[in-house]
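Undergrad: Questions regarding the structure given below will be posed in turn.
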Amino acid sequence: MSNDQIPNDPLWHNFFRKSADPHHVVADLWKKTPLFNNISWRRCLTLSRMMHMRHYSKGELIFKDGEIGLGVAMIVSGSVHVKTGGRLLAELQAGDFFGEIALVLDEPRTANVIAAEETKLAFFLRPDLEEFIEQFPKHGAILTFNLSKVLANRLREANAALRQADNSQDARNL
Amino acid sequence: MDIAQFLKSRSSELTFIGIVLAAVLGLILIQPVLVPVILSFTLYAMLEPISDTLYRLGMRRSYTAFISMFVLLLISTLIVLLVVPEIVSQVGHIQSQLGRLENITDDIFKNITTQLRGFGINADLSDSKQLFEKSKPQLDLATVIAKSDIMIQIVVTAVLVPLFTFFLVRDFKTLRHNVLGTLPNRYFELGWLIYYRVAYQLQRYVRGIMIQSLLVGLISGTGFYLVGFETPFLLGALAGMLNVIPYIGMILAMTPPVLISLTTEPFEPTMTFSAIAVVVITQLIDNVIIIPTVIAHAVSLHPLTVIAGVIIFGNAFGMLGMIVAIPVLAAMKIVYVGLKQGLKHEPDKQFRFS
């Protein structure tokens, strides 16, 4: 074996190296989202073990407008297109999440979401959230508080967009 | 309308029929171990809170399963040591009392024959003794056990139930995750939605029915003790268990105390009326207080559906079928409604998990 083939990592790096567990990757990604603010990485890992991993091929429908939803999905790898009425609303990348309204409401999805490439998603469903709240009430309260902040922000953004649309309409009328 | 359109428009009904057929096939396949499977799931539902609490404290699932099984073993040992001897002695007592039933009935028939002769009717009812000669072996517990495979079933159940329960406590959530993970992407959320609704309602029903049985057993047992029965514990336990069967359970629960009251020497009609009164009062308390508070809305089935289901399931699977009829019907209803709403994209505004 030549010298350049020998790994130059110190021995102790092996002791502190994170395991190749896919849940660790999911926990890392969720930890960076506003949903998991002030929640320890350990609890994120507990949650990621409760989550549901799904693989989608390019062009596959993930959510359909008007269909019943049960939870939020986070992109672990790949990207998705959010569309409504054939119009592209957003392109989401790894680490982004969507469909969080279904975590609190038994209402149909409001847009189509399509995989833009080979995509891996981690689903977190409403019953998982309820089980988490029951098992870890303190962290469950933080998570629901974060969720309400995310939803409030979405509402604020929607209101701002609506106001802007109203203003442009008024300007056109004048 | 062509076939493809018809299949698409009836997709929820066809999926439901497919699920029911698969479930029936599954039931037929697992029929030899159906009793251990049902018992194991019931025990799992009871042990799950213990296992979850330990898991929350950071313990591995294997250890939580071992500790849960130890708790189960402890409770079972206590029951065997404290309750079983009492039940055995009370069963013996009832057997000896029921043995006297033959002589009592014979006396009754002789009296009726004499009375009929008084009215000029010459009918001899002494032949009715032959009925007892035929049915006598059925009253002999030892003969029943010797002639049937009850002992084998008991041994198989005693071995399988702890084994199944251990693996359910340890692996059920992983297994569930893996099984539902096999659903296609398109129906993944719908599958989980239906699963959670069925599991939630079944859990509520099973827990409710267990509390109800315990309360009915305690109330009727106390009642039988107060009116002077010598085996109130056994009769109460029997009433509690039979109460699981809707509508028919009450009549079945009334039969043993009434038969016992007929065998008391000297015969006291007040004892028979007291036995009926205890069962009726218990049923009143059950219907007015226990059911509305403990298992109200656990399942929302029409009474006719319940009666028909109990009769059909009872005919197919015996006593076990009568007990599981309601949860099975409720599960079928949820699956059907879930498929109909899910495949037609309608939200269920009535249902909430909590």
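Chains: A, B, ... in order of the structure tokens. Residues: from 1 per chain. Ligands: from 1, in order shown.
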Using only C-alpha atoms and a cut-off of 7 Å, which residues of chain A sit close to chain B? Please list them as a PyMOL selection string.

TA: chain A and resi 66-70+106-108+135

Undergrad: Any chance you could export the current selection's N, CA and C atoms as a short mmCIF file (atom, residue, chain, number, x, y, z; two decimals), in the first residue's frame?

TA:
data_model
loop_
_atom_site.label_atom_id
_atom_site.label_comp_id
_atom_site.auth_asym_id
_atom_site.auth_seq_id
_atom_site.Cartn_x
_atom_site.Cartn_y
_atom_site.Cartn_z
N GLY A 66 -56.31 19.50 -3.71
CA GLY A 66 -57.63 18.98 -3.35
C GLY A 66 -57.61 17.61 -2.69
N GLU A 67 -56.44 16.99 -2.64
CA GLU A 67 -56.33 15.66 -2.05
C GLU A 67 -56.11 15.79 -0.53
N ILE A 68 -56.55 14.76 0.21
CA ILE A 68 -56.38 14.81 1.67
C ILE A 68 -54.91 14.67 2.04
N GLY A 69 -54.45 15.53 2.94
CA GLY A 69 -53.07 15.46 3.40
C GLY A 69 -53.01 15.11 4.86
N LEU A 70 -51.90 14.52 5.28
CA LEU A 70 -51.80 14.11 6.69
C LEU A 70 -50.56 14.69 7.36
N ASP A 106 -57.42 19.06 8.96
CA ASP A 106 -57.83 17.94 8.13
C ASP A 106 -58.44 18.50 6.85
N GLU A 107 -57.65 19.24 6.11
CA GLU A 107 -58.14 19.93 4.92
C GLU A 107 -57.37 19.44 3.69
N PRO A 108 -57.96 19.61 2.50
CA PRO A 108 -57.25 19.16 1.29
C PRO A 108 -56.01 20.02 0.99
N GLN A 135 -45.40 11.93 24.25
CA GLN A 135 -44.18 11.35 24.83
C GLN A 135 -43.25 12.41 25.41
#

Undergrad: Name the residues in contact with Pro22 (chain A) at a cut-off of 10 Å, using only C-alpha atoms, excluding same-chain residues fewer than 3 positions from it; report them as a ChimeraX atom specification.

TA: /A:19,25-27,48-49,53,76

Undergrad: Grab the CA of Thr42 (chain B) to CA of Thr46 (chain A) distance for me, in Å with one decimal place.

TA: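 Taking CA of Thr42 (chain B) and CA of Thr46 (chain A), their separation equals 26.9 Å.
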
Undergrad: Extract, using only C-alpha atoms, all DNA, RNA and protein residues at most 12 Å from Ala275 (chain B), discarding same-chain residues fewer than 4 positions from it, and format them as JSON, numbers by chain.

TA: {"B": [220, 221, 222, 223, 224, 225, 226, 227, 228, 229, 232, 235, 236, 239, 251, 253, 254, 255, 256, 257, 258, 259, 260, 261, 262, 268, 269, 270, 271, 279, 280, 281, 282]}

Undergrad: Write out, as a short mmCIF file (atom, residue, chain, number, x, y, z; two decimals), in the first residue's frame, the residues just selected, with N, CA and C atoms.

TA:
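Output contents, as saved in again-v6.cif:
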data_model
loop_
_atom_site.label_atom_id
_atom_site.label_comp_id
_atom_site.auth_asym_id
_atom_site.auth_seq_id
_atom_site.Cartn_x
_atom_site.Cartn_y
_atom_site.Cartn_z
N SER B 220 -72.24 -6.35 39.61
CA SER B 220 -73.10 -7.54 39.70
C SER B 220 -72.59 -8.49 40.78
N GLY B 221 -71.26 -8.60 40.93
CA GLY B 221 -70.69 -9.45 41.98
C GLY B 221 -71.14 -8.99 43.36
N THR B 222 -71.09 -7.66 43.57
CA THR B 222 -71.55 -7.10 44.85
C THR B 222 -73.04 -7.40 45.04
N GLY B 223 -73.79 -7.23 43.95
CA GLY B 223 -75.24 -7.50 44.01
C GLY B 223 -75.52 -8.95 44.39
N PHE B 224 -74.84 -9.88 43.75
CA PHE B 224 -75.05 -11.32 44.05
C PHE B 224 -74.66 -11.63 45.50
N TYR B 225 -73.61 -10.94 45.98
CA TYR B 225 -73.18 -11.15 47.37
C TYR B 225 -74.27 -10.64 48.33
N LEU B 226 -74.83 -9.46 48.01
CA LEU B 226 -75.83 -8.85 48.90
C LEU B 226 -77.12 -9.66 48.95
N VAL B 227 -77.50 -10.29 47.83
CA VAL B 227 -78.76 -11.06 47.85
C VAL B 227 -78.56 -12.48 48.37
N GLY B 228 -77.31 -12.84 48.68
CA GLY B 228 -77.07 -14.09 49.38
C GLY B 228 -76.58 -15.26 48.55
N PHE B 229 -76.03 -15.02 47.36
CA PHE B 229 -75.46 -16.12 46.57
C PHE B 229 -74.14 -16.57 47.20
N PRO B 232 -70.61 -15.35 44.62
CA PRO B 232 -70.78 -14.04 43.97
C PRO B 232 -69.60 -13.66 43.08
N LEU B 235 -69.86 -15.50 39.68
CA LEU B 235 -71.01 -15.01 38.91
C LEU B 235 -70.78 -13.58 38.40
N GLY B 236 -70.13 -12.77 39.25
CA GLY B 236 -69.80 -11.39 38.85
C GLY B 236 -68.81 -11.39 37.69
N ALA B 239 -70.57 -12.41 34.57
CA ALA B 239 -71.44 -11.33 34.05
C ALA B 239 -70.58 -10.27 33.37
N ILE B 251 -78.70 -11.70 28.59
CA ILE B 251 -79.49 -12.93 28.76
C ILE B 251 -78.54 -14.07 29.20
N ALA B 253 -75.75 -13.72 30.78
CA ALA B 253 -75.28 -13.44 32.14
C ALA B 253 -76.34 -13.80 33.17
N MET B 254 -77.60 -13.76 32.76
CA MET B 254 -78.71 -14.04 33.69
C MET B 254 -78.88 -15.55 33.93
N THR B 255 -78.49 -16.35 32.94
CA THR B 255 -78.75 -17.79 33.00
C THR B 255 -78.10 -18.50 34.20
N PRO B 256 -76.77 -18.37 34.42
CA PRO B 256 -76.18 -19.13 35.54
C PRO B 256 -76.78 -18.80 36.91
N PRO B 257 -76.94 -17.48 37.28
CA PRO B 257 -77.52 -17.22 38.60
C PRO B 257 -78.95 -17.73 38.74
N VAL B 258 -79.72 -17.66 37.65
CA VAL B 258 -81.11 -18.14 37.72
C VAL B 258 -81.13 -19.66 37.93
N LEU B 259 -80.27 -20.37 37.18
CA LEU B 259 -80.20 -21.83 37.33
C LEU B 259 -79.77 -22.21 38.75
N ILE B 260 -78.80 -21.47 39.28
CA ILE B 260 -78.32 -21.76 40.64
C ILE B 260 -79.43 -21.50 41.66
N SER B 261 -80.18 -20.38 41.45
CA SER B 261 -81.25 -20.06 42.39
C SER B 261 -82.33 -21.15 42.39
N LEU B 262 -82.49 -21.83 41.23
CA LEU B 262 -83.50 -22.91 41.15
C LEU B 262 -83.08 -24.14 41.96
N GLU B 268 -86.42 -21.13 46.85
CA GLU B 268 -86.98 -19.81 47.19
C GLU B 268 -87.17 -18.99 45.92
N PRO B 269 -88.41 -18.72 45.55
CA PRO B 269 -88.63 -17.92 44.32
C PRO B 269 -87.99 -16.53 44.42
N THR B 270 -87.92 -15.99 45.66
CA THR B 270 -87.34 -14.64 45.83
C THR B 270 -85.88 -14.60 45.35
N MET B 271 -85.18 -15.76 45.52
CA MET B 271 -83.78 -15.84 45.10
C MET B 271 -83.67 -15.69 43.57
N VAL B 279 -79.07 -8.61 37.73
CA VAL B 279 -78.61 -8.48 36.34
C VAL B 279 -79.26 -7.27 35.67
N VAL B 280 -80.59 -7.10 35.91
CA VAL B 280 -81.31 -5.98 35.27
C VAL B 280 -80.79 -4.64 35.79
N ILE B 281 -80.62 -4.54 37.14
CA ILE B 281 -80.13 -3.28 37.72
C ILE B 281 -78.71 -2.97 37.20
N THR B 282 -77.87 -4.02 37.13
CA THR B 282 -76.51 -3.81 36.60
C THR B 282 -76.56 -3.30 35.18
#

Undergrad: Just give me the gap between CA of Leu82 (chain B) and CA of Met69 (chain B) in Å, one decimal is fine.

TA: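 Computing the Euclidean distance for CA of Leu82 (chain B) and CA of Met69 (chain B) yields 19.7 Å.
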
Undergrad: Which is closest to Thr144 (chain A) among A:Val80, A:Ser40, A:Pro34, A:His23, if we use only C-alpha atoms?

TA: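 Nearest candidate to Thr144 (chain A) out of A:Val80, A:Ser40, A:Pro34, A:His23: A:Pro34.
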
Undergrad: Please list as a PDB file with C-alpha atoms, in the first residue's frame every residue within 7 Å of His52 (chain A), counting only C-alpha atoms and excluding residues in the same chain fewer than 3 positions away.

TA:
ATOM      1  CA  ALA A 122     -39.019  12.695   4.955  1.00  0.00           C
ATOM      2  CA  PHE A 123     -42.695  12.837   5.950  1.00  0.00           C
ATOM      3  CA  PHE A 124     -43.759  13.896   9.426  1.00  0.00           C
TER       4      PHE A 124
END

Undergrad: Which residues, written as a VMD selection string, have at least one atom at most 10 Å from Val83 (chain B), with only C-alpha atoms counted and residues fewer than 5 positions away on the same chain left out?

TA: chain B and resid 76 to 78 88 233 to 234

Undergrad: Could you write those residues out with C-alpha atoms, as a PDB file, in the first residue's frame?

TA:
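Dumped to result04.pdb:
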ATOM      1  CA  SER B  76     -50.438 -13.213  36.142  1.00  0.00           C
ATOM      2  CA  THR B  77     -48.745 -14.913  39.129  1.00  0.00           C
ATOM      3  CA  LEU B  78     -50.760 -12.806  41.556  1.00  0.00           C
ATOM      4  CA  VAL B  88     -61.904 -23.341  41.123  1.00  0.00           C
ATOM      5  CA  PHE B 233     -67.185 -13.709  42.750  1.00  0.00           C
ATOM      6  CA  LEU B 234     -67.552 -16.212  39.914  1.00  0.00           C
TER       7      LEU B 234
END

Undergrad: Quick one: distance from CA of Tyr200 (chain B) to CA of Pro327 (chain B) in Å, one decimal?

TA: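 Atom-to-atom, CA of Tyr200 (chain B) to CA of Pro327 (chain B), that is 11.5 Å.
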
Undergrad: Would you return as a PyMOL selection string the members of chain A that DSSP assigns to helix (DSSP H, G or I) on this structure's backbone?

TA: chain A and resi 3-5+13-16+22-31+34-36+41-50+100-103+126-135+137-173

Undergrad: Would you mind listing what lies within 12 Å of Lys32 (chain A) as a list in words, with only C-alpha atoms counted and same-chain residues fewer than 3 positions away left out?

TA: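 Answer for this query is Val25, Val26, Ala27, Asp28, Leu29, Leu35, Phe36, Asn37, Asn38, Ile39, Ser40, Trp41, Cys44, Met74, Ala94, Gly95, Asp96 and Phe97 of chain A.
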
Undergrad: Grab the residues selected above and save them as a compact mmCIF listing (two decimals), in the first residue's frame with N, CA and C atoms.

TA:
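The result, stored in part.txt:
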# COMPACT_ATOMS: atom_id res chain seq x y z
N VAL A 25 -28.85 12.24 9.03
CA VAL A 25 -28.92 13.24 7.95
C VAL A 25 -30.24 13.99 8.04
N VAL A 26 -31.32 13.22 8.24
CA VAL A 26 -32.67 13.83 8.32
C VAL A 26 -32.74 14.75 9.54
N ALA A 27 -32.20 14.27 10.68
CA ALA A 27 -32.22 15.09 11.91
C ALA A 27 -31.44 16.38 11.69
N ASP A 28 -30.28 16.29 11.02
CA ASP A 28 -29.47 17.49 10.73
C ASP A 28 -30.27 18.50 9.90
N LEU A 29 -30.96 17.99 8.89
CA LEU A 29 -31.72 18.89 8.00
C LEU A 29 -32.90 19.53 8.73
N LEU A 35 -39.02 25.03 12.14
CA LEU A 35 -39.92 24.15 12.89
C LEU A 35 -39.24 23.56 14.12
N PHE A 36 -37.92 23.38 14.02
CA PHE A 36 -37.21 22.70 15.11
C PHE A 36 -36.29 23.63 15.89
N ASN A 37 -36.61 24.94 15.89
CA ASN A 37 -35.88 25.91 16.72
C ASN A 37 -36.00 25.52 18.19
N ASN A 38 -34.91 25.62 18.92
CA ASN A 38 -34.90 25.35 20.37
C ASN A 38 -35.25 23.91 20.73
N ILE A 39 -35.12 23.02 19.76
CA ILE A 39 -35.30 21.59 20.07
C ILE A 39 -33.94 20.92 19.88
N SER A 40 -33.53 20.15 20.87
CA SER A 40 -32.19 19.56 20.84
C SER A 40 -32.03 18.59 19.66
N TRP A 41 -30.77 18.41 19.27
CA TRP A 41 -30.50 17.51 18.15
C TRP A 41 -30.94 16.08 18.49
N CYS A 44 -34.47 15.83 17.82
CA CYS A 44 -34.66 15.81 16.36
C CYS A 44 -34.42 14.41 15.84
N MET A 74 -40.28 17.04 4.14
CA MET A 74 -39.05 17.79 3.96
C MET A 74 -38.20 17.12 2.88
N ALA A 94 -33.31 20.73 -1.29
CA ALA A 94 -33.04 19.92 -0.09
C ALA A 94 -32.99 20.82 1.14
N GLY A 95 -33.68 20.39 2.21
CA GLY A 95 -33.73 21.18 3.44
C GLY A 95 -35.01 22.01 3.54
N ASP A 96 -35.71 22.23 2.41
CA ASP A 96 -36.99 22.95 2.45
C ASP A 96 -38.11 21.98 2.85
N PHE A 97 -39.17 22.54 3.42
CA PHE A 97 -40.31 21.69 3.75
C PHE A 97 -41.60 22.30 3.23
